[in-house]
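The structure appears below as structure tokens.
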Amino acid sequence: MVIDMIKVVQFLNQVQAGLGGDEKMNLSPSAQMGGVGLGMLLKTNLMRNGGDIKGTVICGDNYFLDNREKVIEEILTLIKKFNPDVVVCGPALNYKRYGECCGYLVEAVEERLNIPAFAAMAEDSTGKELFRKKIYIIKTPGRGGIGLNDSLKKIAAFAVKLAKKEAIGTAEQEGYFPRE
């Protein structure tokens, strides 16, 4: 018996993809097959839940925000090629500009591609306050702090649940920031 895996596309910035720090903030959008960087840890958790990262889309924070409309169109084209069931933006942790990129991208994916999407970021990310009333944002620790494994488990479970169009529980049950 063949079980259909939930196809996930992950959006990462240059840091989380392992491509560099501030010196790579102007990296233009690209895509790779499978999981990369922090995505390899998420992939393990997804596999336990019936999902898999089919592709990763990467873009530098500054490049994204300085060219937002153009970049969103480019990234949506890259995402479509993977034909995902769900898109995970992050975890952005407390990288502020990356959190904003994640929020803008989740909105675009849901509105223009009609694919379920959500972000993951820390309490002190500027993206949290900008977007928490509009999109789901799973809570994460700051930069790789204690609790990252727990948040990756929540991200994986939430991705599969969203892709299967299952009922979403309360913020406390699912690990997202309250939307009110």
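Going through the structure tokens in order, the chains are called A, B, and so on, while each chain numbers its residues from 1 and the ligands are numbered from 1 in the order shown.
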Extract, using only C-alpha atoms, all DNA, RNA and protein residues at most 12 Å from Ser28 in chain A, discarding same-chain residues fewer than 4 positions from it, and format them as a compact mmCIF listing (two decimals) with N, CA, C and O atoms, in the first residue's frame.
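Writing the result to result.txt gives the following:
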# COMPACT_ATOMS: atom_id res chain seq x y z
N ASN A 13 15.38 32.09 4.64
CA ASN A 13 16.26 33.19 4.25
C ASN A 13 17.67 32.64 4.11
O ASN A 13 17.91 31.43 4.29
N GLN A 14 18.61 33.52 3.79
CA GLN A 14 19.98 33.09 3.54
C GLN A 14 20.62 32.44 4.77
O GLN A 14 21.39 31.49 4.63
N LYS A 24 24.97 38.15 2.80
CA LYS A 24 24.17 37.51 1.75
C LYS A 24 22.71 37.99 1.77
O LYS A 24 21.84 37.35 1.19
N VAL A 57 12.56 27.18 -1.07
CA VAL A 57 12.75 28.45 -1.77
C VAL A 57 13.53 29.36 -0.83
O VAL A 57 13.21 29.46 0.36
N ILE A 58 14.55 29.99 -1.36
CA ILE A 58 15.48 30.79 -0.55
C ILE A 58 15.55 32.20 -1.12
O ILE A 58 15.60 32.38 -2.35
N CYS A 59 15.61 33.19 -0.23
CA CYS A 59 15.80 34.58 -0.67
C CYS A 59 16.40 35.37 0.49
O CYS A 59 16.04 35.15 1.64
N GLY A 60 17.29 36.27 0.17
CA GLY A 60 17.86 37.16 1.17
C GLY A 60 16.83 38.15 1.68
O GLY A 60 15.99 38.64 0.92
N ASP A 61 16.90 38.46 2.97
CA ASP A 61 15.93 39.35 3.61
C ASP A 61 15.85 40.72 2.93
O ASP A 61 14.76 41.19 2.60
N ASN A 62 16.99 41.37 2.75
CA ASN A 62 16.98 42.71 2.16
C ASN A 62 16.46 42.68 0.73
O ASN A 62 15.66 43.52 0.33
N TYR A 63 16.91 41.70 -0.03
CA TYR A 63 16.47 41.60 -1.42
C TYR A 63 14.95 41.45 -1.48
O TYR A 63 14.27 42.09 -2.27
N PHE A 64 14.41 40.60 -0.63
CA PHE A 64 12.96 40.38 -0.58
C PHE A 64 12.23 41.68 -0.28
O PHE A 64 11.33 42.09 -1.01
N LEU A 65 12.60 42.35 0.81
CA LEU A 65 11.87 43.54 1.24
C LEU A 65 12.10 44.74 0.33
O LEU A 65 11.19 45.55 0.14
N ASP A 66 13.28 44.86 -0.27
CA ASP A 66 13.56 45.98 -1.17
C ASP A 66 12.87 45.82 -2.53
O ASP A 66 12.72 46.80 -3.26
N ASN A 67 12.49 44.61 -2.89
CA ASN A 67 11.88 44.31 -4.20
C ASN A 67 10.61 43.48 -4.01
O ASN A 67 10.34 42.57 -4.78
N ARG A 68 9.85 43.79 -2.98
CA ARG A 68 8.81 42.89 -2.48
C ARG A 68 7.84 42.36 -3.55
O ARG A 68 7.68 41.15 -3.67
N LYS A 70 7.97 42.25 -6.87
CA LYS A 70 8.67 41.47 -7.90
C LYS A 70 9.12 40.12 -7.32
O LYS A 70 8.94 39.07 -7.94
N VAL A 71 9.69 40.16 -6.13
CA VAL A 71 10.19 38.95 -5.49
C VAL A 71 9.05 37.98 -5.17
O VAL A 71 9.17 36.77 -5.39
N ILE A 72 7.94 38.50 -4.67
CA ILE A 72 6.82 37.62 -4.36
C ILE A 72 6.36 36.89 -5.62
O ILE A 72 6.13 35.68 -5.59
N GLU A 74 8.18 36.15 -8.26
CA GLU A 74 9.21 35.16 -8.58
C GLU A 74 9.09 33.94 -7.67
O GLU A 74 9.18 32.80 -8.13
N ILE A 75 8.90 34.19 -6.37
CA ILE A 75 8.82 33.08 -5.41
C ILE A 75 7.56 32.25 -5.64
O ILE A 75 7.61 31.02 -5.56
Inset, instruction - Taking the chain letters and numbering used in this document, name the residues of range 20-136 of chain A that DSSP puts in helix (DSSP H, G or I), as a ChimeraX atom specification. - result: /A:22-24,39-49,61-66,68-82,96-113,126-131
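The nearest approach to Met121 in chain A among the residues A:Phe158, A:Tyr95, A:Phe11, A:Phe82, with only C-alpha atoms taken into account, belongs to A:Tyr95.
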Inset, instruction - Could you pull out the residues in chain A that DSSP calls strand (DSSP E) from the backbone, as an MDAnalysis selection string? - result: chainID A and resid 6:12 30:33 51:58 86:89 117:122 137:140
Legend entry - Residues near range 97-110 of chain A, cut-off 9 Å, only C-alpha atoms, skip fewer than 6 positions along chain, as a PyMOL selection string: chain A and resi 11-13+60-62+64-65+68+72-73+75-76+79+87-91+116-122+125-128+130-132+134-137
Using the selection just defined, write its residues with N, CA, C and O atoms as a compact mmCIF listing (two decimals), in the first residue's frame.
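As written to disk, result-v6.txt reads:
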# COMPACT_ATOMS: atom_id res chain seq x y z
N PHE A 11 10.06 28.02 2.89
CA PHE A 11 10.73 29.27 2.53
C PHE A 11 11.74 29.61 3.61
O PHE A 11 11.39 29.71 4.79
N LEU A 12 13.00 29.77 3.21
CA LEU A 12 14.08 30.11 4.15
C LEU A 12 14.81 31.36 3.68
O LEU A 12 14.89 31.63 2.48
N ASN A 13 15.38 32.09 4.64
CA ASN A 13 16.26 33.19 4.25
C ASN A 13 17.67 32.64 4.11
O ASN A 13 17.91 31.43 4.29
N GLY A 60 17.29 36.27 0.17
CA GLY A 60 17.86 37.16 1.17
C GLY A 60 16.83 38.15 1.68
O GLY A 60 15.99 38.64 0.92
N ASP A 61 16.90 38.46 2.97
CA ASP A 61 15.93 39.35 3.61
C ASP A 61 15.85 40.72 2.93
O ASP A 61 14.76 41.19 2.60
N ASN A 62 16.99 41.37 2.75
CA ASN A 62 16.98 42.71 2.16
C ASN A 62 16.46 42.68 0.73
O ASN A 62 15.66 43.52 0.33
N PHE A 64 14.41 40.60 -0.63
CA PHE A 64 12.96 40.38 -0.58
C PHE A 64 12.23 41.68 -0.28
O PHE A 64 11.33 42.09 -1.01
N LEU A 65 12.60 42.35 0.81
CA LEU A 65 11.87 43.54 1.24
C LEU A 65 12.10 44.74 0.33
O LEU A 65 11.19 45.55 0.14
N ARG A 68 9.85 43.79 -2.98
CA ARG A 68 8.81 42.89 -2.48
C ARG A 68 7.84 42.36 -3.55
O ARG A 68 7.68 41.15 -3.67
N ILE A 72 7.94 38.50 -4.67
CA ILE A 72 6.82 37.62 -4.36
C ILE A 72 6.36 36.89 -5.62
O ILE A 72 6.13 35.68 -5.59
N GLU A 73 6.27 37.60 -6.74
CA GLU A 73 5.89 36.95 -8.00
C GLU A 73 6.89 35.86 -8.38
O GLU A 73 6.50 34.75 -8.78
N ILE A 75 8.90 34.19 -6.37
CA ILE A 75 8.82 33.08 -5.41
C ILE A 75 7.56 32.25 -5.64
O ILE A 75 7.61 31.02 -5.56
N LEU A 76 6.45 32.90 -5.94
CA LEU A 76 5.22 32.15 -6.21
C LEU A 76 5.41 31.23 -7.41
O LEU A 76 4.94 30.08 -7.41
N ILE A 79 7.42 28.28 -6.19
CA ILE A 79 6.61 27.41 -5.33
C ILE A 79 5.68 26.54 -6.18
O ILE A 79 5.55 25.33 -5.95
N VAL A 87 2.67 25.33 2.40
CA VAL A 87 3.92 26.08 2.39
C VAL A 87 4.23 26.54 3.80
O VAL A 87 3.38 27.13 4.48
N VAL A 88 5.46 26.27 4.25
CA VAL A 88 5.93 26.67 5.57
C VAL A 88 6.95 27.79 5.38
O VAL A 88 7.97 27.60 4.71
N CYS A 89 6.67 28.95 5.96
CA CYS A 89 7.58 30.09 5.87
C CYS A 89 8.29 30.23 7.21
O CYS A 89 7.71 30.63 8.20
N GLY A 90 9.55 29.88 7.22
CA GLY A 90 10.32 29.91 8.45
C GLY A 90 10.78 28.52 8.83
O GLY A 90 10.71 27.61 8.01
N PRO A 91 11.24 28.37 10.06
CA PRO A 91 11.12 29.29 11.19
C PRO A 91 12.07 30.49 11.09
O PRO A 91 13.25 30.34 10.85
N PRO A 116 -2.67 26.34 1.33
CA PRO A 116 -2.51 26.66 2.75
C PRO A 116 -1.04 27.00 3.05
O PRO A 116 -0.13 26.35 2.54
N ALA A 117 -0.86 28.01 3.89
CA ALA A 117 0.50 28.44 4.26
C ALA A 117 0.46 29.03 5.66
O ALA A 117 -0.58 29.48 6.13
N PHE A 118 1.61 29.01 6.32
CA PHE A 118 1.73 29.63 7.63
C PHE A 118 3.19 29.97 7.87
O PHE A 118 4.07 29.53 7.14
N ALA A 119 3.41 30.80 8.89
CA ALA A 119 4.76 31.21 9.26
C ALA A 119 5.11 30.65 10.63
O ALA A 119 4.25 30.16 11.36
N ALA A 120 6.38 30.74 10.97
CA ALA A 120 6.87 30.36 12.30
C ALA A 120 7.91 31.39 12.69
O ALA A 120 8.82 31.67 11.91
N MET A 121 7.75 31.98 13.89
CA MET A 121 8.69 33.00 14.34
C MET A 121 8.60 33.19 15.84
O MET A 121 7.66 32.70 16.48
N ALA A 122 9.55 33.92 16.38
CA ALA A 122 9.62 34.17 17.81
C ALA A 122 8.71 35.33 18.22
O ALA A 122 8.31 36.15 17.39
N SER A 125 9.75 38.89 17.07
CA SER A 125 9.91 39.20 15.65
C SER A 125 8.92 40.29 15.27
O SER A 125 7.75 40.24 15.68
N THR A 126 9.35 41.28 14.50
CA THR A 126 8.44 42.33 14.06
C THR A 126 7.31 41.75 13.20
O THR A 126 6.21 42.29 13.18
N GLY A 127 7.57 40.67 12.51
CA GLY A 127 6.55 40.03 11.69
C GLY A 127 5.38 39.52 12.50
O GLY A 127 4.24 39.48 12.02
N LYS A 128 5.60 39.16 13.75
CA LYS A 128 4.53 38.63 14.60
C LYS A 128 3.41 39.65 14.75
O LYS A 128 2.25 39.36 14.50
N LEU A 130 2.89 42.39 13.00
CA LEU A 130 2.36 42.82 11.71
C LEU A 130 1.33 41.85 11.14
O LEU A 130 0.39 42.26 10.46
N PHE A 131 1.51 40.55 11.42
CA PHE A 131 0.72 39.54 10.70
C PHE A 131 -0.11 38.59 11.54
O PHE A 131 -0.93 37.86 11.00
N ARG A 132 0.04 38.57 12.86
CA ARG A 132 -0.61 37.53 13.66
C ARG A 132 -2.13 37.51 13.59
O ARG A 132 -2.75 36.47 13.80
N LYS A 134 -3.80 38.05 10.85
CA LYS A 134 -4.17 37.68 9.48
C LYS A 134 -3.78 36.25 9.11
O LYS A 134 -4.41 35.64 8.26
N ILE A 135 -2.70 35.75 9.69
CA ILE A 135 -2.18 34.43 9.30
C ILE A 135 -1.84 33.62 10.56
O ILE A 135 -1.71 34.18 11.65
N TYR A 136 -1.68 32.32 10.37
CA TYR A 136 -1.20 31.49 11.47
C TYR A 136 0.31 31.67 11.59
O TYR A 136 1.03 31.62 10.59
N ILE A 137 0.77 31.86 12.84
CA ILE A 137 2.21 31.95 13.12
C ILE A 137 2.51 31.04 14.30
O ILE A 137 2.08 31.30 15.42
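When only C-alpha atoms are used to compute distances to Val15 in chain A, the closest of the residues A:Asp52, A:Leu113, A:Asp85, A:Arg143 turns out to be A:Arg143.
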Legend entry - Shell around Gly37 in chain A at 7 Å using only C-alpha atoms, local window under 6 positions removed, as a ChimeraX atom specification: /A:16-18
Output of the above residues as a JSON list (two decimals), in the first residue's frame, restricted to N, CA, C and O atoms:
[["chain", "number", "residue", "atom", "x", "y", "z"],
["A", 16, "GLN", "N", 19.04, 30.78, 7.44],
["A", 16, "GLN", "CA", 18.46, 29.47, 7.75],
["A", 16, "GLN", "C", 18.78, 28.43, 6.68],
["A", 16, "GLN", "O", 18.77, 27.24, 6.95],
["A", 17, "ALA", "N", 19.05, 28.89, 5.46],
["A", 17, "ALA", "CA", 19.43, 27.96, 4.39],
["A", 17, "ALA", "C", 20.91, 27.58, 4.47],
["A", 17, "ALA", "O", 21.36, 26.71, 3.73],
["A", 18, "GLY", "N", 21.65, 28.25, 5.36],
["A", 18, "GLY", "CA", 23.07, 27.94, 5.52],
["A", 18, "GLY", "C", 23.94, 28.57, 4.45],
["A", 18, "GLY", "O", 25.05, 28.10, 4.18]]
Inset, instruction - Take CA of Lys43 in chain A and CA of Val8 in chain A and report the distance between them in Å, one decimal. - result: 9.2 Å
